[in-house]
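*Asks:* So that you have it, the file is input-v4.cif, and it contains mmCIF, C-alpha atoms:
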```cif
data_work
loop_
_atom_site.label_atom_id
_atom_site.label_comp_id
_atom_site.auth_asym_id
_atom_site.auth_seq_id
_atom_site.Cartn_x
_atom_site.Cartn_y
_atom_site.Cartn_z
CA MET A 5 89.94 100.15 216.51
CA ARG A 6 87.99 99.72 213.25
CA LEU A 7 90.46 101.98 211.45
CA ALA A 8 93.38 99.86 212.65
CA VAL A 9 91.67 96.68 211.45
CA VAL A 10 90.96 98.27 208.07
CA GLU A 11 94.59 99.38 207.74
CA LEU A 12 95.79 95.88 208.55
CA CYS A 13 93.45 94.40 205.97
CA VAL A 14 94.57 96.86 203.32
CA ALA A 15 98.22 96.07 204.07
CA ALA A 16 97.52 92.33 203.84
CA LEU A 17 95.70 92.79 200.52
CA CYS A 18 98.60 94.84 199.15
CA LEU A 19 101.08 92.13 200.11
CA ALA A 20 98.87 89.44 198.60
CA ALA A 21 98.45 91.46 195.41
CA GLY A 22 102.20 91.94 195.16
CA ALA A 23 102.79 88.19 195.51
CA PHE A 24 100.02 87.39 193.00
CA ALA A 25 101.29 89.92 190.48
CA GLN A 26 104.59 88.11 190.04
CA GLN A 27 105.28 84.41 189.80
CA LYS A 28 108.88 84.60 188.65
CA PRO A 29 111.27 84.65 191.61
CA ASN A 30 113.25 87.75 192.41
CA VAL A 31 117.01 87.49 192.86
CA VAL A 32 119.22 89.45 195.27
CA VAL A 33 122.99 88.90 195.27
CA PHE A 34 125.21 90.36 197.99
CA LEU A 35 128.94 90.28 197.19
CA THR A 36 131.33 91.44 199.90
CA ASP A 37 134.89 92.55 199.25
CA ASP A 38 138.04 91.05 200.81
CA MET A 39 136.18 89.65 203.81
CA GLY A 40 137.92 86.97 205.85
CA TYR A 41 136.48 83.45 206.00
CA ALA A 42 135.86 83.72 209.75
CA ASP A 43 134.66 87.34 209.86
CA THR A 44 130.92 86.65 210.30
CA GLY A 45 128.92 84.87 212.96
CA PRO A 46 127.92 81.84 210.85
CA PHE A 47 131.57 81.18 210.02
CA GLY A 48 133.03 81.63 213.47
CA ALA A 49 133.50 85.34 214.25
CA LYS A 50 133.61 86.10 217.99
CA ASP A 51 134.60 89.76 217.85
CA ILE A 52 132.27 91.04 215.11
CA ARG A 53 128.47 91.13 215.36
CA THR A 54 126.60 90.17 212.19
CA PRO A 55 122.95 89.57 213.21
CA HIS A 56 121.56 89.96 209.69
CA ILE A 57 124.04 87.60 208.06
CA ASP A 58 123.35 85.27 210.98
CA ARG A 59 119.67 85.47 210.03
CA LEU A 60 120.42 84.46 206.45
CA ALA A 61 122.26 81.39 207.73
CA ARG A 62 119.34 80.45 210.01
CA GLU A 63 116.90 80.79 207.13
CA GLY A 64 119.05 79.33 204.38
CA VAL A 65 121.94 77.02 203.53
CA ARG A 66 125.49 77.76 204.66
CA LEU A 67 128.15 76.59 202.19
CA THR A 68 131.43 75.47 203.75
CA ASN A 69 133.18 74.47 200.51
CA SER A 70 132.39 77.59 198.51
CA TYR A 71 135.13 79.08 196.33
CA SER A 72 135.62 82.34 194.50
CA ASN A 73 136.47 82.22 190.82
CA GLY A 74 139.67 84.13 191.52
CA PRO A 75 141.85 85.31 194.41
CA VAL A 76 141.24 89.00 193.62
CA CYS A 77 138.28 91.20 192.73
CA THR A 78 137.87 91.36 188.95
CA PRO A 79 138.06 87.66 187.98
CA THR A 80 135.43 86.63 190.51
CA ARG A 81 133.06 89.36 189.33
CA ALA A 82 133.57 88.22 185.75
CA GLY A 83 132.74 84.66 186.75
CA LEU A 84 129.59 85.78 188.54
CA MET A 85 128.34 87.91 185.65
CA THR A 86 129.04 85.37 182.89
CA GLY A 87 128.81 81.99 184.60
CA ARG A 88 132.12 81.13 182.96
CA TYR A 89 135.79 80.95 183.83
CA GLN A 90 137.20 84.48 183.80
CA GLN A 91 140.04 83.38 181.54
CA ARG A 92 137.53 83.10 178.71
CA VAL A 93 137.09 86.89 178.76
CA GLY A 94 140.72 87.78 179.50
CA LEU A 95 140.13 88.90 183.09
CA GLU A 96 142.39 86.62 185.10
CA TRP A 97 143.66 89.43 187.35
CA ALA A 98 142.35 92.63 188.90
CA LEU A 99 141.94 95.66 186.68
CA VAL A 100 143.84 98.82 187.63
CA PRO A 101 143.44 102.38 186.32
CA ALA A 102 146.32 101.84 183.89
CA ASP A 103 144.40 99.04 182.13
CA LYS A 104 142.91 101.29 179.48
CA GLY A 105 140.70 99.60 176.92
CA LYS A 106 140.28 96.50 179.06
CA GLY A 107 137.16 95.23 180.77
CA LEU A 108 134.23 92.88 180.30
CA PRO A 109 133.43 93.11 176.58
CA GLU A 110 129.91 94.09 175.56
CA SER A 111 129.89 90.97 173.40
CA GLU A 112 129.79 88.85 176.55
CA THR A 113 126.32 87.81 177.69
CA THR A 114 125.82 88.58 181.38
CA ILE A 115 123.13 87.19 183.65
CA ALA A 116 121.78 90.75 183.94
CA ARG A 117 121.24 90.94 180.18
CA MET A 118 119.72 87.46 180.06
CA LEU A 119 117.30 88.23 182.88
CA LYS A 120 116.43 91.64 181.43
CA GLY A 121 115.57 89.92 178.16
CA ASN A 122 113.13 87.76 180.08
CA GLY A 123 111.14 90.51 181.76
CA TYR A 124 113.31 91.29 184.77
CA ALA A 125 114.12 94.74 186.11
CA THR A 126 117.86 94.86 186.83
CA ALA A 127 120.06 97.03 189.02
CA ILE A 128 123.54 97.15 190.51
CA PHE A 129 124.34 99.26 193.55
CA GLY A 130 128.00 98.92 194.45
CA LYS A 131 131.41 98.01 193.06
CA TRP A 132 131.59 96.97 189.39
CA HIS A 133 135.36 96.56 188.75
CA LEU A 134 134.90 95.10 185.28
CA GLY A 135 136.10 98.13 183.36
CA GLY A 136 135.86 101.86 184.02
CA GLU A 137 135.41 103.14 180.49
CA PRO A 138 131.98 103.76 178.90
CA GLU A 139 132.09 100.63 176.74
CA PHE A 140 132.35 98.47 179.88
CA ASN A 141 129.75 100.27 182.03
CA PRO A 142 127.10 98.09 183.72
CA ARG A 143 124.45 99.80 181.60
CA VAL A 144 125.80 98.13 178.46
CA HIS A 145 125.66 94.76 180.20
CA GLY A 146 121.94 94.62 180.89
CA PHE A 147 121.57 96.70 184.05
CA ASP A 148 118.73 99.23 184.00
CA LYS A 149 120.26 101.15 186.89
CA PHE A 150 123.79 101.60 188.22
CA PHE A 151 124.94 103.55 191.24
CA GLY A 152 128.37 102.91 192.67
CA ILE A 153 132.04 102.69 191.75
CA THR A 154 133.71 101.26 188.67
CA GLY A 155 137.20 100.73 190.12
CA GLY A 156 138.72 98.46 192.72
CA ASN A 157 138.59 100.69 195.82
CA THR A 158 137.59 104.13 196.97
CA ASP A 159 137.51 106.31 200.04
CA MET A 160 134.20 105.64 201.76
CA TYR A 161 133.56 109.37 202.32
CA SER A 162 135.28 111.33 199.55
CA HIS A 163 134.58 108.62 196.93
CA GLU A 164 138.03 109.12 195.45
CA ASN A 165 140.46 106.30 194.75
CA ARG A 166 144.02 106.32 196.07
CA PHE A 167 145.17 108.12 192.93
CA GLY A 168 142.85 111.04 193.68
CA THR A 169 140.30 110.25 190.95
CA HIS A 170 136.62 110.63 191.79
CA ASP A 171 134.82 107.32 191.24
CA LEU A 172 131.13 107.56 192.12
CA TRP A 173 128.70 107.04 189.26
CA GLU A 174 125.02 107.38 188.52
CA ASP A 175 124.55 105.20 185.45
CA THR A 176 127.12 106.59 182.97
CA GLU A 177 127.87 109.92 184.67
CA LYS A 178 130.12 110.78 187.61
CA VAL A 179 128.19 112.34 190.49
CA GLY A 180 129.12 114.20 193.63
CA LYS A 181 127.10 113.01 196.61
CA THR A 182 127.75 113.07 200.33
CA GLY A 183 127.65 110.04 202.57
CA TYR A 184 129.20 106.82 203.78
CA LEU A 185 129.24 104.58 200.73
CA THR A 186 127.94 101.38 202.32
CA GLU A 187 124.92 103.24 203.69
CA MET A 188 124.38 105.02 200.37
CA LEU A 189 124.28 101.68 198.56
CA ALA A 190 121.70 100.34 201.01
CA ASP A 191 119.61 103.51 200.61
CA ARG A 192 119.47 103.04 196.85
CA ALA A 193 118.80 99.30 197.03
CA VAL A 194 115.91 99.74 199.47
CA GLU A 195 114.40 102.53 197.38
CA TRP A 196 114.73 100.51 194.19
CA ILE A 197 113.04 97.44 195.71
CA GLY A 198 110.07 99.63 196.60
CA GLU A 199 109.87 100.97 193.06
CA HIS A 200 109.99 97.48 191.48
CA SER A 201 108.12 95.39 194.04
CA ARG A 202 105.37 94.47 191.58
CA GLU A 203 107.64 93.04 188.87
CA PRO A 204 110.37 90.39 188.94
CA PHE A 205 113.80 91.86 189.57
CA PHE A 206 117.48 91.07 189.77
CA LEU A 207 119.28 93.19 192.36
CA TYR A 208 123.07 92.99 192.59
CA VAL A 209 124.66 94.63 195.66
CA PRO A 210 128.46 94.26 195.48
CA PHE A 211 129.73 96.15 198.54
CA ASN A 212 133.22 97.61 198.46
CA ALA A 213 133.36 96.91 202.21
CA VAL A 214 135.51 95.60 203.79
CA HIS A 215 138.21 96.46 201.26
CA TRP A 216 140.72 99.07 202.39
CA PRO A 217 140.77 101.94 203.19
CA PHE A 218 139.45 100.73 206.55
CA GLN A 219 136.89 103.41 207.46
CA ALA A 220 134.04 102.95 209.90
CA ALA A 221 130.63 104.58 209.52
CA GLY A 222 129.85 107.80 211.37
CA ARG A 223 133.29 109.36 210.94
CA PRO A 224 132.94 111.77 207.99
CA ASN A 225 136.23 113.50 208.81
CA ASP A 226 138.15 110.24 208.32
CA VAL A 227 139.03 110.96 204.70
CA ARG A 228 142.18 109.12 203.62
CA ASN A 229 145.20 110.00 201.54
CA PRO A 230 147.74 107.58 200.01
CA GLN A 231 149.87 107.69 203.17
CA THR A 232 146.98 106.56 205.42
CA TRP A 233 145.15 104.30 202.93
CA TYR A 234 145.97 101.08 204.81
CA ASP A 235 145.84 102.44 208.36
CA GLY A 236 143.49 100.96 210.94
CA THR A 237 142.99 98.20 213.46
CA ARG A 238 140.56 95.31 213.55
CA PRO A 239 138.56 96.37 216.64
CA LYS A 240 138.41 100.11 215.94
CA ASP A 241 138.05 100.22 212.17
CA TYR A 242 137.55 96.84 210.48
CA ALA A 243 134.93 95.42 212.85
CA PRO A 244 132.60 98.46 212.76
CA MET A 245 133.09 98.70 209.00
CA LEU A 246 131.91 95.11 208.60
CA GLU A 247 129.07 95.63 211.07
CA ALA A 248 127.87 98.59 208.97
CA MET A 249 127.85 96.30 205.96
CA ASP A 250 125.85 93.73 207.91
CA ALA A 251 123.35 96.47 208.82
CA ALA A 252 123.06 97.31 205.11
CA VAL A 253 122.28 93.67 204.35
CA GLY A 254 119.63 93.83 207.07
CA ARG A 255 118.00 96.88 205.51
CA VAL A 256 117.69 95.15 202.15
CA LEU A 257 116.23 92.03 203.77
CA ALA A 258 113.77 94.24 205.68
CA ALA A 259 112.69 95.86 202.40
CA LEU A 260 111.93 92.40 200.99
CA ASP A 261 109.87 91.67 204.12
CA LYS A 262 108.04 95.00 203.96
CA HIS A 263 106.87 94.43 200.40
CA GLY A 264 105.96 90.78 200.91
CA LEU A 265 108.74 89.55 198.61
CA ALA A 266 110.93 87.42 200.86
CA GLN A 267 109.13 84.14 200.13
CA ASN A 268 109.62 84.59 196.40
CA THR A 269 113.23 85.83 196.42
CA LEU A 270 116.44 83.89 195.96
CA VAL A 271 119.10 85.57 198.12
CA ILE A 272 122.79 84.79 197.65
CA PHE A 273 125.48 86.09 200.00
CA THR A 274 129.11 85.51 199.06
CA ASN A 275 132.57 87.10 198.95
CA ASP A 276 134.91 87.89 196.06
CA ASN A 277 138.14 86.38 197.47
CA GLY A 278 139.95 85.70 200.70
CA GLY A 279 140.64 88.40 203.24
CA GLU A 280 143.90 90.18 203.99
CA ARG A 281 145.51 92.54 206.51
CA LEU A 282 142.86 92.95 209.23
CA SER A 283 140.71 89.96 208.28
CA ASP A 284 140.46 86.54 209.92
CA ASN A 285 140.81 83.61 207.50
CA ARG A 286 141.06 80.85 210.10
CA PRO A 287 141.33 77.90 209.78
CA LEU A 288 142.56 78.55 206.25
CA PHE A 289 146.15 79.32 205.27
CA HIS A 290 147.34 82.47 203.48
CA HIS A 291 145.16 85.25 202.06
CA LYS A 292 143.92 87.25 199.09
CA ALA A 293 145.96 87.15 195.85
CA THR A 294 147.06 83.52 196.38
CA LEU A 295 145.54 80.17 195.42
CA TRP A 296 145.98 78.72 198.88
CA GLU A 297 142.62 78.12 200.60
CA GLY A 298 142.84 81.47 202.38
CA GLY A 299 142.82 83.22 199.02
CA ILE A 300 139.89 81.45 197.34
CA ARG A 301 137.62 79.69 199.87
CA VAL A 302 134.87 82.11 200.86
CA PRO A 303 131.85 82.27 203.17
CA SER A 304 128.59 81.81 201.22
CA ILE A 305 124.92 81.50 202.14
CA VAL A 306 121.90 80.82 199.92
CA ARG A 307 118.33 81.50 201.04
CA PHE A 308 115.30 80.51 198.96
CA PRO A 309 112.22 79.99 201.18
CA GLY A 310 110.14 76.98 200.26
CA ARG A 311 112.78 75.72 197.83
CA LEU A 312 115.76 75.33 200.15
CA PRO A 313 115.75 74.14 203.76
CA ALA A 314 116.45 76.52 206.63
CA GLY A 315 119.49 76.20 208.86
CA LYS A 316 121.22 73.60 206.71
CA VAL A 317 124.97 73.26 206.19
CA SER A 318 126.19 71.96 202.83
CA ASN A 319 129.66 70.65 202.06
CA GLN A 320 129.02 70.69 198.31
CA VAL A 321 131.98 72.21 196.48
CA THR A 322 130.83 75.33 194.61
CA MET A 323 132.41 78.22 192.70
CA THR A 324 131.16 81.76 192.12
CA MET A 325 130.18 80.98 188.52
CA ASP A 326 127.78 78.31 189.85
CA PHE A 327 125.64 81.07 191.30
CA ALA A 328 125.10 82.44 187.79
CA ALA A 329 123.97 79.03 186.55
CA SER A 330 121.76 78.59 189.61
CA ILE A 331 120.12 82.00 189.13
CA LEU A 332 119.30 81.18 185.51
CA ALA A 333 117.86 77.81 186.51
CA ALA A 334 115.75 79.33 189.30
CA THR A 335 114.32 81.97 186.95
CA GLY A 336 113.78 79.62 184.01
CA VAL A 337 116.19 81.52 181.77
CA GLU A 338 118.51 79.70 179.38
CA ALA A 339 121.94 80.89 178.35
CA PRO A 340 122.52 81.37 174.60
CA ALA A 341 123.76 78.26 172.80
CA ASP A 342 127.05 79.97 171.95
CA ARG A 343 127.75 80.83 175.60
CA LYS A 344 128.14 77.45 177.26
CA LEU A 345 128.35 77.93 181.03
CA ASP A 346 131.20 76.51 183.07
CA GLY A 347 129.16 76.91 186.25
CA VAL A 348 126.45 74.43 187.25
CA ASN A 349 123.10 74.75 188.99
CA VAL A 350 123.73 73.70 192.60
CA LEU A 351 120.21 74.34 193.90
CA PRO A 352 119.10 70.67 193.59
CA VAL A 353 122.01 69.63 195.80
CA LEU A 354 121.40 72.41 198.32
CA SER A 355 117.73 71.46 198.48
CA GLY A 356 118.57 67.85 199.30
CA LYS A 357 116.84 66.53 196.17
CA GLN A 358 120.17 65.52 194.66
CA ALA A 359 123.22 63.97 196.31
CA PRO A 360 126.42 66.04 196.43
CA VAL A 361 128.48 65.74 193.28
CA GLU A 362 132.24 65.66 192.84
CA ARG A 363 133.63 68.72 191.08
CA THR A 364 136.88 69.39 189.28
CA LEU A 365 137.64 73.13 189.46
CA PHE A 366 140.61 75.15 188.22
CA TRP A 367 142.41 78.36 189.21
CA ARG A 368 145.41 80.13 187.73
CA ILE A 369 147.57 83.17 188.39
CA ASP A 370 150.10 83.82 185.64
CA ARG A 371 151.83 87.03 186.66
CA GLY A 372 155.40 88.19 186.59
CA ASP A 373 155.58 88.36 190.39
CA ARG A 374 153.28 85.43 191.12
CA LYS A 375 152.69 82.19 189.24
CA GLN A 376 150.30 79.73 190.81
CA LYS A 377 147.95 77.00 189.61
CA ALA A 378 145.42 74.93 191.52
CA VAL A 379 142.95 72.13 190.92
CA ARG A 380 140.36 70.80 193.32
CA GLN A 381 138.89 67.38 192.58
CA GLY A 382 136.84 65.77 195.30
CA ASN A 383 138.80 66.13 198.52
CA TRP A 384 142.12 66.47 196.66
CA LYS A 385 143.82 69.76 195.91
CA TYR A 386 146.79 70.22 193.61
CA LEU A 387 148.72 73.46 194.15
CA ARG A 388 151.69 74.73 192.20
CA ASP A 389 153.29 77.76 193.81
CA GLY A 390 156.17 78.91 191.64
CA ALA A 391 158.19 75.79 190.88
CA ILE A 392 156.88 73.81 193.85
CA GLU A 393 154.09 71.27 193.40
CA MET A 394 152.02 70.14 196.38
CA LEU A 395 149.08 67.88 197.08
CA PHE A 396 146.64 68.18 199.96
CA ASP A 397 143.72 66.16 201.29
CA LEU A 398 141.36 68.98 202.28
CA ASP A 399 139.01 66.69 204.19
CA ARG A 400 141.85 65.93 206.61
CA ASP A 401 143.95 69.08 206.22
CA VAL A 402 141.89 72.18 205.42
CA SER A 403 144.78 74.37 206.61
CA GLU A 404 147.12 72.88 203.96
CA ARG A 405 149.90 72.07 206.39
CA ALA A 406 150.83 68.55 205.16
CA ASP A 407 152.00 68.15 201.57
CA ILE A 408 151.32 64.51 200.70
CA SER A 409 152.43 64.58 197.06
CA PHE A 410 155.24 62.12 197.72
CA ARG A 411 152.75 59.59 199.09
CA HIS A 412 150.40 59.92 196.12
CA PRO A 413 152.49 60.63 193.00
CA GLU A 414 149.80 59.15 190.75
CA LYS A 415 147.19 61.62 192.03
CA LEU A 416 149.64 64.52 191.68
CA ALA A 417 150.29 63.49 188.07
CA ALA A 418 146.58 63.10 187.32
CA LEU A 419 145.69 66.57 188.60
CA ARG A 420 148.70 68.13 186.87
CA ASN A 421 147.47 66.55 183.64
CA ALA A 422 143.92 67.83 184.26
CA MET A 423 145.31 71.35 184.63
CA ARG A 424 147.27 70.98 181.39
CA GLU A 425 144.15 69.81 179.52
CA TRP A 426 142.10 72.72 180.93
CA GLU A 427 144.71 75.24 179.82
CA GLU A 428 144.86 73.67 176.36
CA GLU A 429 141.08 73.92 176.09
CA LEU A 430 141.24 77.62 177.02
CA GLN A 431 143.85 78.23 174.35
CA ARG A 432 141.56 76.92 171.63
CA THR A 433 139.36 80.01 172.05
CA PRO A 434 141.64 82.73 173.47
CA PRO A 435 140.21 86.14 174.46
CA THR A 436 141.14 89.31 172.59
CA PHE A 437 143.20 90.55 175.56
CA VAL A 438 144.42 89.25 178.91
CA VAL A 439 144.83 91.29 182.08
CA LYS A 440 148.07 90.27 183.81
#
```
Any chance you could give the structure as structure tokens?
*Replies:*
Amino acid sequence: MRLAVVELCVAALCLAAGAFAQQKPNVVVFLTDDMGYADTGPFGAKDIRTPHIDRLAREGVRLTNSYSNGPVCTPTRAGLMTGRYQQRVGLEWALVPADKGKGLPESETTIARMLKGNGYATAIFGKWHLGGEPEFNPRVHGFDKFFGITGGNTDMYSHENRFGTHDLWEDTEKVGKTGYLTEMLADRAVEWIGEHSREPFFLYVPFNAVHWPFQAAGRPNDVRNPQTWYDGTRPKDYAPMLEAMDAAVGRVLAALDKHGLAQNTLVIFTNDNGGERLSDNRPLFHHKATLWEGGIRVPSIVRFPGRLPAGKVSNQVTMTMDFAASILAATGVEAPADRKLDGVNVLPVLSGKQAPVERTLFWRIDRGDRKQKAVRQGNWKYLRDGAIEMLFDLDRDVSERADISFRHPEKLAALRNAMREWEEELQRTPPTFVVK
């Protein structure tokens, strides 16, 4: 009995010492891949169990008007890392293996580098997708540790992409390891938290789940080839794949609890773009790769015990790049003067200390096979799809079924003009290359 009491006391002292040793808040960012808006419990899923994401929503703030910087992987990740519109670094579309010599330039200042320069340990375990060549590796962008993939997708078991190229990395070297990738990422994240529990840290966990190929955990023989890359069904493949990702989130949260870090850790959970194929985007229209709501509105949750309320729902309009600005504000780190952020710190609004603010946000796809532009200002959304211009009132019509541009031509003209001015501002400082 005495031994048990002593052990409890020692454990309590260790937790107290860990909390005392660091005053700067830790930061953990979960970024999921291609997940549908309604694929988790807090956002309406009935056929997929997500108890750990549900927990984050109970203990944090659920964002219902949260947007990704882009409708595909790379641009959103660029916005998160830089706190700026992805067009400023030439990454408007997703990188593919043929995009040699393109990626996030080392000259860009990432939040990882800024935090590292202010005493933070930094790590990424997951999908980078901001350039696969050495000059774009996460290690040159301020991350002390990298384990994961550099490209857009990979087989969860063989760790090869659909072109047959191995894409699993330990820092700057390719490695051959066995396992289900989502579980491997959680293993590394949990281990790393234990190693850095007595210093402030920034942990970035960008899962490649639930991006195709749709492979559930526990099926090591389910290695895919190009002919079966998109095979699968929602109940048999997609749902268990997402549930495995939720379990990985739970393991990371448990590691924070174990080391007494949860109270001093800002946790952000978000998604890189709308879902497709087997996902559920309801009540939104369309999907990934478009600027309709189903392509850019994403499920997001922010937990920051003692700073943000628990179980709150916020309708504040946010964008992925706002999380970068919020992380810097929470950690007391300032961006360099020559890297003005486009994102804003939304924590005061989420805390209830500041009233919601109206935002004007911009999106663009300028591709040969797809040309779209969008502006959101307050409840209004301007959307140009090809040659067709539309206007929606998202407060009344979140599914974008009723184009009301003919009723409000002045608003259509104002938002079209705002888009033109934004594009002109971008052109004044063009990037060295543009991924199209």
*Asks:* To test your reading of the syntax: which residues would the PyMOL selection byres ((chain A and resi 48) around 12) return for the file shown? Reply as a list in words.
*Replies:* Gly40, Tyr41, Ala42, Asp43, Thr44, Gly45, Pro46, Phe47, Ala49, Lys50, Asp51, Ile52, Arg53, Thr54, Asp58, Thr68, Asp284, Asn285, Arg286, Pro287 and Pro303 of chain A
*Asks:* Kindly indicate which residue among A:Leu398, A:Met423, A:Leu60, A:Val209 lies nearest to Met249 of chain A, using only C-alpha atoms for the distances.
*Replies:* A:Val209
*Asks:* Give as a short mmCIF file (atom, residue, chain, number, x, y, z; two decimals) with C-alpha atoms, keeping the file's coordinate frame the residues that the PyMOL selection byres ((chain A and resi 291) around 10) matches when applied to the coordinates above.
*Replies:*
```cif
data_model
loop_
_atom_site.label_atom_id
_atom_site.label_comp_id
_atom_site.auth_asym_id
_atom_site.auth_seq_id
_atom_site.Cartn_x
_atom_site.Cartn_y
_atom_site.Cartn_z
CA ASP A 38 138.04 91.05 200.81
CA GLY A 40 137.92 86.97 205.85
CA TYR A 41 136.48 83.45 206.00
CA PRO A 75 141.85 85.31 194.41
CA ASN A 277 138.14 86.38 197.47
CA GLY A 278 139.95 85.70 200.70
CA GLY A 279 140.64 88.40 203.24
CA GLU A 280 143.90 90.18 203.99
CA ARG A 281 145.51 92.54 206.51
CA SER A 283 140.71 89.96 208.28
CA ASP A 284 140.46 86.54 209.92
CA ASN A 285 140.81 83.61 207.50
CA LEU A 288 142.56 78.55 206.25
CA PHE A 289 146.15 79.32 205.27
CA HIS A 290 147.34 82.47 203.48
CA LYS A 292 143.92 87.25 199.09
CA ALA A 293 145.96 87.15 195.85
CA THR A 294 147.06 83.52 196.38
CA LEU A 295 145.54 80.17 195.42
CA TRP A 296 145.98 78.72 198.88
CA GLU A 297 142.62 78.12 200.60
CA GLY A 298 142.84 81.47 202.38
CA GLY A 299 142.82 83.22 199.02
CA ILE A 300 139.89 81.45 197.34
CA ARG A 301 137.62 79.69 199.87
#
```
*Asks:* List every protein, DNA or RNA residue with an atom no more than 6 Å from (118.5, 95.2, 200.6) in the file's coordinates, counting only C-alpha atoms, and format the result as an MDAnalysis selection string.
*Replies:* chainID A and resid 193:194 253 255:257
*Asks:* Once the PyMOL selection byres ((chain A and resi 173) around 12) has been evaluated on this model, what residues remain selected, and can you format them as a PyMOL selection string?
*Replies:* chain A and resi 128-132+136-138+141-143+149-155+163-164+170-172+174-181+185+189
*Asks:* What does the distance between atom CA of Lys440 of chain A and atom CA of Trp97 of chain A come to in Å, to one decimal place?
*Replies:*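 Separation of atom CA of Lys440 of chain A and atom CA of Trp97 of chain A: 5.7 Å.
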*Asks:* Report the distance between atom CA of Leu351 of chain A and atom CA of Leu312 of chain A in Å, rounded to one decimal place.
*Replies:*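 Distance reported for this atom pair: 7.7 Å.
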*Asks:* Quick one: residues within 6 Å of Gly107 of chain A, all atoms listed in the file counted, chain neighbours fewer than 6 positions away excluded, as a VMD selection string?
*Replies:* chain A and resid 134 to 135 140
*Asks:* Atom CA of Ala125 of chain A to atom CA of Ala259 of chain A: how many Å, to one decimal?
*Replies:* 16.4 Å
*Asks:* As a PyMOL selection string, please: the residues near Phe437 of chain A (cut-off 9 Å, only C-alpha atoms, same-chain neighbours under 2 positions excluded).
*Replies:* chain A and resi 93-95+106+434-435+439
*Asks:* Given the choices A:Lys262, A:Arg311, A:Lys104, A:Arg424, which gets closest to Ala378 of chain A if the distance is worked out from all atoms listed in the file?
*Replies:*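 Nearest to Ala378 of chain A: A:Arg424.
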*Asks:* For Asn30 of chain A, which of A:Val65, A:Ile392, A:Ala339, A:Ala127 is the closest residue, counting all atoms listed in the file?
*Replies:* A:Ala127
